[in-house]
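Shown next: protein.cif, given as mmCIF, C-alpha atoms.
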```cif
data_structure
#
loop_
_atom_site.label_atom_id
_atom_site.label_comp_id
_atom_site.auth_asym_id
_atom_site.auth_seq_id
_atom_site.Cartn_x
_atom_site.Cartn_y
_atom_site.Cartn_z
CA MET A 1 61.93 61.35 61.97
CA PRO A 2 62.04 59.15 65.11
CA ASP A 3 65.30 57.30 65.44
CA PRO A 4 65.92 54.19 67.55
CA VAL A 5 69.53 54.99 68.44
CA ALA A 6 68.89 58.65 69.25
CA SER A 7 65.95 57.61 71.43
CA ILE A 8 68.20 55.35 73.52
CA ALA A 9 70.95 57.97 73.73
CA ASN A 10 68.50 60.68 74.75
CA ALA A 11 66.94 58.50 77.44
CA ILE A 12 70.32 57.64 78.94
CA GLN A 13 71.61 61.20 78.86
CA ARG A 14 68.42 62.82 80.16
CA ASP A 15 68.70 64.51 83.54
CA GLY A 16 72.44 64.13 83.58
CA GLY A 17 72.28 60.38 83.12
CA ASP A 18 70.96 59.36 86.53
CA GLY A 19 67.67 57.69 87.41
CA ILE A 20 65.81 54.93 85.65
CA VAL A 21 65.33 54.29 81.96
CA VAL A 22 62.88 51.78 80.54
CA VAL A 23 63.65 50.16 77.19
CA TYR A 24 60.90 48.08 75.63
CA TYR A 25 61.68 45.02 73.53
CA PRO A 26 59.30 43.12 71.23
CA ASP A 27 60.36 39.56 72.08
CA LEU A 28 63.05 37.65 73.94
CA GLY A 29 64.87 36.86 70.70
CA VAL A 30 65.77 40.52 70.29
CA ARG A 31 66.31 41.39 73.96
CA ASP A 32 69.94 40.27 74.26
CA TRP A 33 70.90 42.15 71.14
CA LEU A 34 69.09 45.25 72.37
CA VAL A 35 70.96 45.03 75.69
CA SER A 36 74.31 45.05 73.91
CA GLU A 37 73.08 47.87 71.68
CA VAL A 38 72.26 49.98 74.76
CA GLU A 39 75.73 49.21 76.13
CA SER A 40 77.30 50.26 72.85
CA ILE A 41 75.34 53.52 72.64
CA ALA A 42 75.97 54.41 76.30
CA ALA A 43 79.72 53.85 75.74
CA VAL A 44 80.50 53.84 79.47
CA GLU A 45 83.51 52.20 81.05
CA THR A 46 81.60 49.78 83.23
CA SER A 47 78.21 48.23 82.82
CA VAL A 48 76.58 45.52 84.90
CA ARG A 49 73.86 43.07 83.93
CA THR A 50 71.62 41.88 86.72
CA ASP A 51 68.17 40.44 87.27
CA SER A 52 67.77 41.96 90.76
CA VAL A 53 66.51 45.43 91.71
CA LYS A 54 68.40 45.18 94.99
CA ASP A 55 71.64 44.42 93.16
CA ALA A 56 70.98 47.23 90.67
CA ARG A 57 70.88 49.72 93.54
CA THR A 58 74.36 48.80 94.75
CA HIS A 59 76.17 49.55 91.47
CA MET A 60 76.24 53.33 91.76
CA ASP A 61 79.10 53.94 89.35
CA SER A 62 78.00 51.64 86.57
CA LEU A 63 75.39 51.58 83.87
CA VAL A 64 73.07 48.86 85.15
CA LEU A 65 71.16 46.70 82.68
CA LEU A 66 68.28 45.25 84.64
CA LEU A 67 66.83 42.07 83.14
CA PRO A 68 64.38 40.70 85.69
CA ALA A 69 62.92 37.23 85.34
CA ASN A 70 59.69 38.59 86.83
CA GLU A 71 59.15 41.97 85.23
CA ARG A 72 55.98 42.80 87.20
CA ALA A 73 57.71 42.18 90.53
CA ALA A 74 60.67 44.34 89.46
CA VAL A 75 58.39 47.22 88.47
CA GLU A 76 56.53 47.03 91.78
CA GLU A 77 59.80 46.90 93.71
CA LEU A 78 61.19 49.89 91.81
CA ASP A 79 57.97 51.82 92.34
CA GLY A 80 58.35 51.37 96.08
CA ALA A 81 62.05 52.18 96.15
CA ARG A 82 62.11 55.38 94.13
CA ASP A 83 63.75 57.47 96.85
CA GLN A 84 66.60 54.99 97.22
CA PHE A 85 67.50 55.55 93.56
CA LEU A 86 67.43 59.34 93.81
CA GLU A 87 69.95 59.66 96.65
CA PRO A 88 72.87 59.32 96.55
CA LYS A 89 73.09 60.38 92.95
CA ARG A 90 74.03 57.68 90.50
CA ALA A 91 76.74 58.10 87.88
CA TYR A 92 74.67 56.28 85.25
CA PRO A 93 71.06 55.16 85.07
CA VAL A 94 69.52 51.78 85.66
CA VAL A 95 68.08 50.54 82.36
CA LEU A 96 65.10 48.29 82.91
CA PHE A 97 64.16 46.09 79.96
CA LEU A 98 60.45 45.34 79.65
CA LEU A 99 58.58 43.20 77.15
CA ARG A 100 56.34 45.42 75.06
CA ASP A 101 52.73 44.75 76.19
CA GLY A 102 54.05 42.24 78.73
CA ASP A 103 53.23 41.89 82.40
CA GLY A 104 55.92 44.38 83.45
CA ALA A 105 54.65 46.97 80.95
CA ARG A 106 51.13 46.55 82.33
CA ALA A 107 52.45 46.85 85.88
CA LEU A 108 54.19 50.08 84.94
CA ARG A 109 50.88 51.55 83.75
CA GLU A 110 49.46 50.69 87.19
CA ALA A 111 52.39 52.34 88.99
CA PRO A 112 51.82 56.08 88.49
CA SER A 113 54.83 57.15 90.55
CA LEU A 114 57.35 55.11 88.57
CA ALA A 115 55.50 55.79 85.31
CA SER A 116 55.79 59.55 85.77
CA TRP A 117 59.43 59.18 86.78
CA VAL A 118 60.43 57.37 83.58
CA ARG A 119 58.14 59.30 81.21
CA GLY A 120 60.24 60.54 78.31
CA SER A 121 62.96 58.03 79.19
CA ASP A 122 61.08 54.98 78.00
CA PRO A 123 61.88 54.33 74.33
CA ASP A 124 60.70 51.40 72.26
CA PRO A 125 63.60 51.45 69.77
CA GLU A 126 62.43 48.50 67.74
CA LEU A 127 59.08 50.20 67.12
CA LEU A 128 60.78 53.48 66.21
CA ALA A 129 62.99 51.63 63.73
CA GLU A 130 60.06 50.26 61.74
CA VAL A 131 59.59 51.91 58.38
CA ASP A 132 56.19 52.46 56.79
CA VAL A 133 56.92 50.01 54.00
CA GLU A 134 54.16 51.08 51.63
CA ALA A 135 54.92 54.79 52.00
CA GLU A 136 58.64 54.16 51.57
CA ARG A 137 58.03 52.00 48.51
CA ARG A 138 55.97 54.80 46.94
CA ALA A 139 58.75 57.28 47.72
CA PHE A 140 61.35 54.93 46.26
CA GLU A 141 59.33 54.48 43.07
CA ALA A 142 58.81 58.22 42.72
CA GLY A 143 62.55 58.84 43.08
CA ALA A 144 64.01 55.90 41.18
CA GLY A 145 61.27 55.42 38.57
CA ALA A 146 60.89 51.73 39.36
CA SER A 147 59.71 49.49 42.16
CA PRO A 148 62.41 48.20 44.52
CA GLU A 149 62.18 44.75 42.88
CA GLU A 150 62.44 46.13 39.34
CA TRP A 151 65.30 48.41 40.30
CA LEU A 152 67.18 45.60 42.07
CA ALA A 153 66.74 43.27 39.10
CA ARG A 154 68.39 45.87 36.86
CA TRP A 155 71.07 46.58 39.48
CA ARG A 156 71.94 42.90 39.83
CA ALA A 157 72.06 42.57 36.04
CA LYS A 158 74.56 45.48 36.05
CA GLU A 159 72.24 47.62 33.92
CA ILE A 160 72.48 50.44 36.47
CA PRO A 161 75.87 52.15 36.76
CA MET A 162 77.76 51.51 39.97
CA ASP A 163 78.34 54.80 41.71
CA ALA A 164 78.06 55.94 45.29
CA SER A 165 74.46 57.13 45.13
CA ASN A 166 73.29 53.92 43.45
CA VAL A 167 75.11 51.84 46.07
CA VAL A 168 73.11 53.70 48.72
CA LEU A 169 69.91 53.19 46.72
CA SER A 170 70.57 49.45 46.45
CA TYR A 171 70.45 49.13 50.25
CA ARG A 172 67.18 51.04 50.46
CA ALA A 173 65.73 48.86 47.69
CA SER A 174 66.85 45.70 49.48
CA LEU A 175 65.22 46.88 52.71
CA LEU A 176 61.92 47.46 50.90
CA GLU A 177 62.06 44.40 48.64
CA ARG A 178 59.11 42.02 48.94
CA ARG A 179 60.25 38.47 49.76
CA MET B 1 92.82 23.51 50.59
CA ASN B 2 92.88 25.87 47.65
CA ASP B 3 93.32 29.45 48.94
CA TRP B 4 90.21 30.64 47.09
CA PHE B 5 88.02 28.01 48.72
CA GLU B 6 89.42 29.05 52.10
CA LEU B 7 88.70 32.69 51.39
CA HIS B 8 85.18 31.90 50.24
CA ASP B 9 84.53 29.88 53.41
CA ALA B 10 85.85 32.73 55.55
CA HIS B 11 83.56 35.19 53.76
CA ARG B 12 80.58 32.90 54.29
CA ALA B 13 81.42 32.70 57.98
CA LEU B 14 81.62 36.49 58.09
CA ARG B 15 78.17 36.68 56.52
CA ALA B 16 76.72 34.14 58.95
CA THR B 17 77.71 35.99 62.13
CA GLY B 18 79.14 39.37 61.14
CA GLY B 19 75.98 41.26 62.07
CA SER B 20 76.53 40.63 65.76
CA SER B 21 79.72 42.70 65.74
CA LEU B 22 78.24 45.65 63.87
CA SER B 23 77.95 47.78 66.99
CA ASP B 24 81.78 47.78 67.17
CA ILE B 25 81.53 50.35 64.39
CA ARG B 26 80.68 52.84 67.16
CA ARG B 27 84.05 52.22 68.82
CA VAL B 28 85.70 53.39 65.60
CA LEU B 29 83.34 56.34 65.19
CA ARG B 30 84.12 57.38 68.75
CA ARG B 31 87.84 57.38 67.98
CA LEU B 32 87.17 59.40 64.83
CA ILE B 33 85.42 62.03 66.95
CA GLU B 34 88.04 62.03 69.70
CA SER B 35 90.82 62.57 67.19
CA GLY B 36 89.00 65.47 65.56
CA HIS B 37 88.24 63.78 62.26
CA ALA B 38 84.46 63.97 62.62
CA GLU B 39 81.85 65.97 64.46
CA SER B 40 80.63 64.73 67.81
CA SER B 41 77.04 63.96 66.81
CA LEU B 42 78.30 61.21 64.50
CA PHE B 43 78.40 58.69 67.33
CA ASN B 44 74.62 58.50 67.73
CA ARG B 45 73.90 58.78 64.04
CA PHE B 46 75.00 55.24 63.21
CA THR B 47 71.50 53.88 63.24
CA TYR B 48 69.08 51.50 61.57
CA SER B 49 65.65 51.09 60.03
CA LYS B 50 63.68 47.88 60.06
CA ASN B 51 61.20 46.34 57.66
CA PRO B 52 58.47 45.05 59.99
CA HIS B 53 57.35 42.44 57.44
CA THR B 54 60.71 40.83 56.68
CA GLY B 55 62.64 41.77 59.83
CA LEU B 56 65.49 43.05 57.64
CA ARG B 57 67.52 45.93 59.10
CA GLU B 58 69.28 48.62 57.10
CA TRP B 59 72.19 50.30 58.94
CA ARG B 60 73.58 53.65 57.90
CA ILE B 61 75.08 56.90 59.12
CA ALA B 62 72.10 59.22 59.26
CA ALA B 63 72.31 62.89 58.31
CA PRO B 64 72.67 65.37 61.16
CA ARG B 65 69.54 67.09 62.42
CA GLY B 66 68.21 69.54 59.85
CA LYS B 67 69.77 67.67 56.92
CA ASP B 68 67.31 64.91 56.16
CA ARG B 69 69.11 63.21 53.30
CA LYS B 70 68.87 59.51 52.60
CA ASP B 71 72.17 59.41 50.72
CA TRP B 72 74.11 61.30 53.40
CA SER B 73 77.85 60.72 53.62
CA GLU B 74 79.83 62.05 56.55
CA PRO B 75 82.54 64.63 55.77
CA LEU B 76 85.85 63.89 57.47
CA LYS B 77 88.40 66.42 58.68
CA LYS B 78 92.19 66.51 59.12
CA LEU B 79 92.82 64.40 56.04
CA ALA B 80 96.11 63.09 54.72
CA PRO B 81 98.17 65.61 52.75
CA ASN B 82 96.97 66.23 49.22
CA LEU B 83 93.43 65.14 49.98
CA ALA B 84 90.96 67.99 49.67
CA GLU B 85 87.87 66.15 50.81
CA ALA B 86 86.65 62.73 51.90
CA SER B 87 83.26 61.64 53.10
CA LEU B 88 82.28 58.39 54.73
CA THR B 89 79.34 56.08 54.05
CA VAL B 90 78.68 52.95 56.09
CA LEU B 91 75.83 50.67 55.07
CA ALA B 92 74.81 47.21 56.20
CA LEU B 93 71.89 44.83 55.94
CA THR B 94 71.29 42.42 58.78
CA ASP B 95 68.54 40.02 59.71
CA SER B 96 66.02 40.48 62.50
CA ALA B 97 68.30 38.92 65.13
CA ASN B 98 71.16 41.08 63.86
CA GLU B 99 73.29 37.99 63.41
CA ARG B 100 73.50 37.52 59.66
CA LEU B 101 75.37 40.20 57.75
CA GLY B 102 73.61 40.21 54.39
CA GLN B 103 75.58 43.09 52.90
CA LEU B 104 78.19 45.59 54.03
CA THR B 105 79.60 48.70 52.40
CA VAL B 106 82.25 50.97 53.85
CA MET B 107 82.90 53.72 51.36
CA LEU B 108 84.99 56.88 51.21
CA GLU B 109 84.55 59.30 48.35
CA GLY B 110 86.62 62.38 47.91
CA ARG B 111 89.02 64.48 45.89
CA SER B 112 92.77 64.61 45.88
CA VAL B 113 94.72 67.74 45.07
CA THR B 114 97.78 67.81 42.89
CA ARG B 115 99.86 70.96 42.61
CA LYS B 116 102.04 71.45 39.57
CA PRO B 117 105.65 72.29 40.45
CA PHE B 118 106.46 76.03 40.26
CA SER B 119 102.84 76.79 39.52
CA ARG B 120 99.79 77.86 41.46
CA SER B 121 97.46 75.69 39.49
CA VAL B 122 95.95 72.69 41.22
CA THR B 123 94.21 69.67 39.84
CA ARG B 124 91.43 67.97 41.79
CA LYS B 125 90.76 64.37 41.03
CA PRO B 126 88.03 62.14 42.45
CA PHE B 127 88.86 58.99 44.36
CA ILE B 128 86.91 56.19 45.92
CA VAL B 129 87.89 53.67 48.58
CA ALA B 130 85.25 51.06 49.24
CA ALA B 131 84.86 47.65 50.85
CA HIS B 132 81.84 45.60 49.82
CA LEU B 133 80.38 42.38 51.08
CA ASP B 134 78.01 41.42 48.28
CA ASP B 135 74.72 39.69 48.98
CA ARG B 136 75.28 37.07 46.31
CA HIS B 137 77.88 35.65 43.99
CA MET B 138 78.83 38.13 41.30
CA GLY B 139 81.27 37.84 38.41
CA SER B 140 82.90 34.56 37.55
CA GLY B 141 84.47 33.46 40.83
CA ALA B 142 86.20 34.06 44.16
CA CYS B 143 89.37 35.42 42.55
CA GLY B 144 87.88 38.04 40.24
CA HIS B 145 84.89 38.95 42.36
CA ALA B 146 85.31 37.71 45.91
CA LEU B 147 82.24 38.09 48.11
CA PHE B 148 84.15 40.58 50.28
CA HIS B 149 86.42 42.86 48.30
CA CYS B 150 87.58 46.44 47.99
CA HIS B 151 87.85 49.05 45.27
CA VAL B 152 90.44 51.81 45.33
CA GLY B 153 90.66 54.19 42.40
CA PRO B 154 89.14 57.21 40.71
CA SER B 155 85.71 55.53 40.42
CA PHE B 156 84.04 52.14 40.54
CA LYS B 157 84.04 51.91 36.78
CA ALA B 158 87.57 53.07 35.93
CA MET B 159 89.31 50.45 33.86
CA PRO B 160 90.60 47.98 34.71
CA GLU B 161 87.81 47.29 37.21
CA VAL B 162 89.86 46.11 40.16
CA ARG B 163 88.24 44.20 43.00
CA VAL B 164 90.85 43.26 45.55
CA PRO B 165 89.75 40.32 47.70
CA LEU B 166 89.68 41.24 51.38
CA PRO B 167 90.25 38.86 54.26
CA ALA B 168 87.14 38.26 56.38
CA LEU B 169 87.54 41.42 58.44
CA LYS B 170 84.66 42.24 60.72
CA PRO B 171 82.79 45.46 59.88
CA ALA B 172 84.70 47.66 62.36
CA ALA B 173 88.06 46.43 61.08
CA ALA B 174 86.98 47.02 57.48
CA LEU B 175 86.13 50.57 58.47
CA GLU B 176 89.51 50.97 60.18
CA TRP B 177 91.23 49.84 57.00
CA ALA B 178 89.32 52.31 54.81
CA LEU B 179 90.03 55.19 57.19
CA SER B 180 93.73 54.38 57.22
CA VAL B 181 93.82 55.24 53.52
CA VAL B 182 92.69 58.85 54.01
CA LEU B 183 93.67 59.78 57.58
CA PRO B 184 97.36 60.36 58.26
CA ASP B 185 97.40 59.27 61.91
CA TRP B 186 95.01 56.36 61.63
CA GLU B 187 96.62 53.09 62.61
CA PRO B 188 94.59 50.94 65.00
CA VAL B 189 97.39 48.40 65.45
CA PRO B 190 100.85 49.98 65.05
CA TRP B 191 103.82 47.71 64.49
CA HIS B 192 105.13 47.89 68.05
CA GLU B 193 101.82 46.43 69.27
CA VAL B 194 101.95 43.71 66.63
CA ILE B 195 105.48 42.78 67.70
CA ALA B 196 104.53 42.80 71.39
CA HIS B 197 101.54 40.61 70.56
CA ALA B 198 103.72 38.21 68.61
CA ASN B 199 106.19 38.05 71.52
CA ARG B 200 103.39 37.23 73.95
CA GLN B 201 102.29 34.44 71.63
CA GLY B 202 105.89 33.17 71.50
CA THR B 203 106.09 33.40 67.72
#
```
Go ahead and express the file in the form of structure tokens.
Amino acid sequence: MPDPVASIANAIQRDGGDGIVVVYYPDLGVRDWLVSEVESIAAVETSVRTDSVKDARTHMDSLVLLLPANERAAVEELDGARDQFLEPKRAYPVVLFLLRDGDGARALREAPSLASWVRGSDPDPELLAEVDVEAERRAFEAGAGASPEEWLARWRAKEIPMDASNVVLSYRASLLERR
Amino acid sequence: MNDWFELHDAHRALRATGGSSLSDIRRVLRRLIESGHAESSLFNRFTYSKNPHTGLREWRIAAPRGKDRKDWSEPLKKLAPNLAEASLTVLALTDSANERLGQLTVMLEGRSVTRKPFSRSVTRKPFIVAAHLDDRHMGSGACGHALFHCHVGPSFKAMPEVRVPLPALKPAAALEWALSVVLPDWEPVPWHEVIAHANRQGT
């Protein structure tokens, strides 16, 4: 099953951790959180946030979190500067954050060199995290014998015994609950 | 102000912003791995699922590869004396922005071992250590059923049902507390650091 955290970890650790990683985000509201999540998963001593490709290149010993104001321009600049990122070898990758289906993502599709470079190191963790709600609800009902709403109503009324497995089930039911 | 009002306010504040510090859980998991209490893959298995319709996120420790279990709990090693087994569950519900902490559970289930004197026979008894931030008011009030509380005992239902109110610890600190119950060397802030801190503060 695809996993958002594993996808970030794999992208950062791929090829010994050097190079460029692209992380897609769905909207600006989630971007800052996703940046800190990447920092947390990478667990490196030093990380640097910058909006400049030029600046990103200078921080060889740090995980660089690249948050350009103009994502298309950053992709084009990176595409032209590939060699400068390969040598000397970086300690940690540059992580470029791009808006899913945004201008930078489109620019990346038009930049075959950079696109092939980052292929396999370009997760969309928020997309990977999304559950198939209807399928999961059917699975829940098959296992618990009740819909998430029915089960939660009984749980909240203390009609279901509190034990470890039911505590776990209550979280799954809450995730799938219709609101 | 009445202590129970203060506690309730602190719990509400924890709920309002506690989600943003959830990734600190990884700092604790990392220390667990480094000190040999858990296997190394644990670090990247603290993960989440998201409901695309509501934006709600469910956080959990996922099962290792090849063990696709939704109710997975992580076995811990190098336990305190007289504990035969302990396994860890961490669960949380946060909103789309990962700011609001709707619910939190840090839970350790296991078995203790008691040896009878001058005998080879051993008795294994279950135990549970759990901290819960409930998603709504339960019970009759902030004293008997505080929003954020812990259970320690043979089971959740053993009588009397004790729910000890917890201060508004952030998720990582709640995890540190629970681990300190079952791991002999687990003390994130030993006394000498507390005293040094107090001296720096001039208190």
Would you kindly return, as an NGL selection string, each protein, DNA or RNA residue with an atom no farther than 12 Å from any atom of stretch 184-187 of chain B, considering all atoms listed in the file and excluding same-chain residues fewer than 6 positions away? :B and (28 or 31-32 or 35-37 or 77-83 or 173 or 175-178 or 193-194)
So that each row is one residue of chain B with an atom at most 6 Å from chain A, can you give its shortest atom pair and the distance in Å to one decimal, using all atoms listed in the file, rows by chain and rising number, as CSV?
```
residue,atom,partner,partner_atom,distance
B:Asn44,CA,A:Ala6,CA,5.9
B:Thr47,CA,A:Val5,CA,5.7
B:Ser49,CA,A:Ala129,CA,4.6
B:Lys50,CA,A:Glu130,CA,4.6
B:Asn51,CA,A:Glu130,CA,5.8
B:Pro52,CA,A:Glu130,CA,5.7
B:Ala97,CA,A:Val30,CA,6.0
```
So what do you get for atom CA of A:Thr50 versus atom CA of A:Ser62, distance-wise?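 Computing it gives 11.7 Å between the two atoms.
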Atom CA of B:Ala172 to atom CA of B:Trp59: how many Å, to one decimal?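 Straight-line distance from atom CA of B:Ala172 to atom CA of B:Trp59 works out to 13.2 Å.
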Name the residues captured by the PyMOL selection byres ((chain B and resi 110-117) around 10) when it is applied to the shown file; answer as a PyMOL selection string. chain B and resi 75-76+80-88+108-109+118-129+154+182
Residues just named, written with C-alpha atoms as a PDB file, in the frame of the given file:
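Resulting contents of result.pdb:
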```
ATOM      1  CA  PRO B  75      82.540  64.630  55.770  1.00  0.00           C
ATOM      2  CA  LEU B  76      85.850  63.890  57.470  1.00  0.00           C
ATOM      3  CA  ALA B  80      96.110  63.090  54.720  1.00  0.00           C
ATOM      4  CA  PRO B  81      98.170  65.610  52.750  1.00  0.00           C
ATOM      5  CA  ASN B  82      96.970  66.230  49.220  1.00  0.00           C
ATOM      6  CA  LEU B  83      93.430  65.140  49.980  1.00  0.00           C
ATOM      7  CA  ALA B  84      90.960  67.990  49.670  1.00  0.00           C
ATOM      8  CA  GLU B  85      87.870  66.150  50.810  1.00  0.00           C
ATOM      9  CA  ALA B  86      86.650  62.730  51.900  1.00  0.00           C
ATOM     10  CA  SER B  87      83.260  61.640  53.100  1.00  0.00           C
ATOM     11  CA  LEU B  88      82.280  58.390  54.730  1.00  0.00           C
ATOM     12  CA  LEU B 108      84.990  56.880  51.210  1.00  0.00           C
ATOM     13  CA  GLU B 109      84.550  59.300  48.350  1.00  0.00           C
ATOM     14  CA  PHE B 118     106.460  76.030  40.260  1.00  0.00           C
ATOM     15  CA  SER B 119     102.840  76.790  39.520  1.00  0.00           C
ATOM     16  CA  ARG B 120      99.790  77.860  41.460  1.00  0.00           C
ATOM     17  CA  SER B 121      97.460  75.690  39.490  1.00  0.00           C
ATOM     18  CA  VAL B 122      95.950  72.690  41.220  1.00  0.00           C
ATOM     19  CA  THR B 123      94.210  69.670  39.840  1.00  0.00           C
ATOM     20  CA  ARG B 124      91.430  67.970  41.790  1.00  0.00           C
ATOM     21  CA  LYS B 125      90.760  64.370  41.030  1.00  0.00           C
ATOM     22  CA  PRO B 126      88.030  62.140  42.450  1.00  0.00           C
ATOM     23  CA  PHE B 127      88.860  58.990  44.360  1.00  0.00           C
ATOM     24  CA  ILE B 128      86.910  56.190  45.920  1.00  0.00           C
ATOM     25  CA  VAL B 129      87.890  53.670  48.580  1.00  0.00           C
ATOM     26  CA  PRO B 154      89.140  57.210  40.710  1.00  0.00           C
ATOM     27  CA  VAL B 182      92.690  58.850  54.010  1.00  0.00           C
TER      28      VAL B 182
END
```
For atom CA of A:Glu87 and atom CA of A:Ala107, the interatomic separation in Å (one decimal): 24.2 Å
Spatial neighbours of A:Arg90, 8 Å, only C-alpha atoms, chain gap at least 2 places, as a PyMOL selection string: chain A and resi 18-19+60-61+85-88+92-93
Show which residues sit within 10 Å of B:Leu101, as a compact mmCIF listing (two decimals) with C-alpha atoms, in the frame of the given file. Count only C-alpha atoms, and ignore same-chain residues fewer than 4 positions away.
```
# COMPACT_ATOMS: atom_id res chain seq x y z
CA ARG B 12 80.58 32.90 54.29
CA ALA B 13 81.42 32.70 57.98
CA LEU B 14 81.62 36.49 58.09
CA ARG B 15 78.17 36.68 56.52
CA ALA B 16 76.72 34.14 58.95
CA THR B 17 77.71 35.99 62.13
CA GLY B 18 79.14 39.37 61.14
CA GLY B 19 75.98 41.26 62.07
CA SER B 20 76.53 40.63 65.76
CA SER B 21 79.72 42.70 65.74
CA LEU B 22 78.24 45.65 63.87
CA ARG B 57 67.52 45.93 59.10
CA ALA B 92 74.81 47.21 56.20
CA LEU B 93 71.89 44.83 55.94
CA THR B 94 71.29 42.42 58.78
CA ASP B 95 68.54 40.02 59.71
CA LEU B 133 80.38 42.38 51.08
CA ASP B 134 78.01 41.42 48.28
CA ASP B 135 74.72 39.69 48.98
CA LYS B 170 84.66 42.24 60.72
CA PRO B 171 82.79 45.46 59.88
```
Can you tell me which residues surround B:Met138 at a distance of at most 8 Å, considering only C-alpha atoms, apart from same-chain residues fewer than 6 positions away, and format the answer as an mmCIF file with C-alpha atoms, in the coordinates of the input?
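Output below, filename out_23.cif:
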```cif
data_model
loop_
_atom_site.group_PDB
_atom_site.id
_atom_site.type_symbol
_atom_site.label_atom_id
_atom_site.label_comp_id
_atom_site.auth_asym_id
_atom_site.auth_seq_id
_atom_site.Cartn_x
_atom_site.Cartn_y
_atom_site.Cartn_z
ATOM 1 C CA HIS B 145 84.890 38.950 42.360
ATOM 2 C CA ALA B 146 85.310 37.710 45.910
ATOM 3 C CA LEU B 147 82.240 38.090 48.110
#
```
Protein, DNA and RNA residues within 12 Å of (49.0, 41.8, 84.1), only C-alpha atoms, as a count of residues only: 17
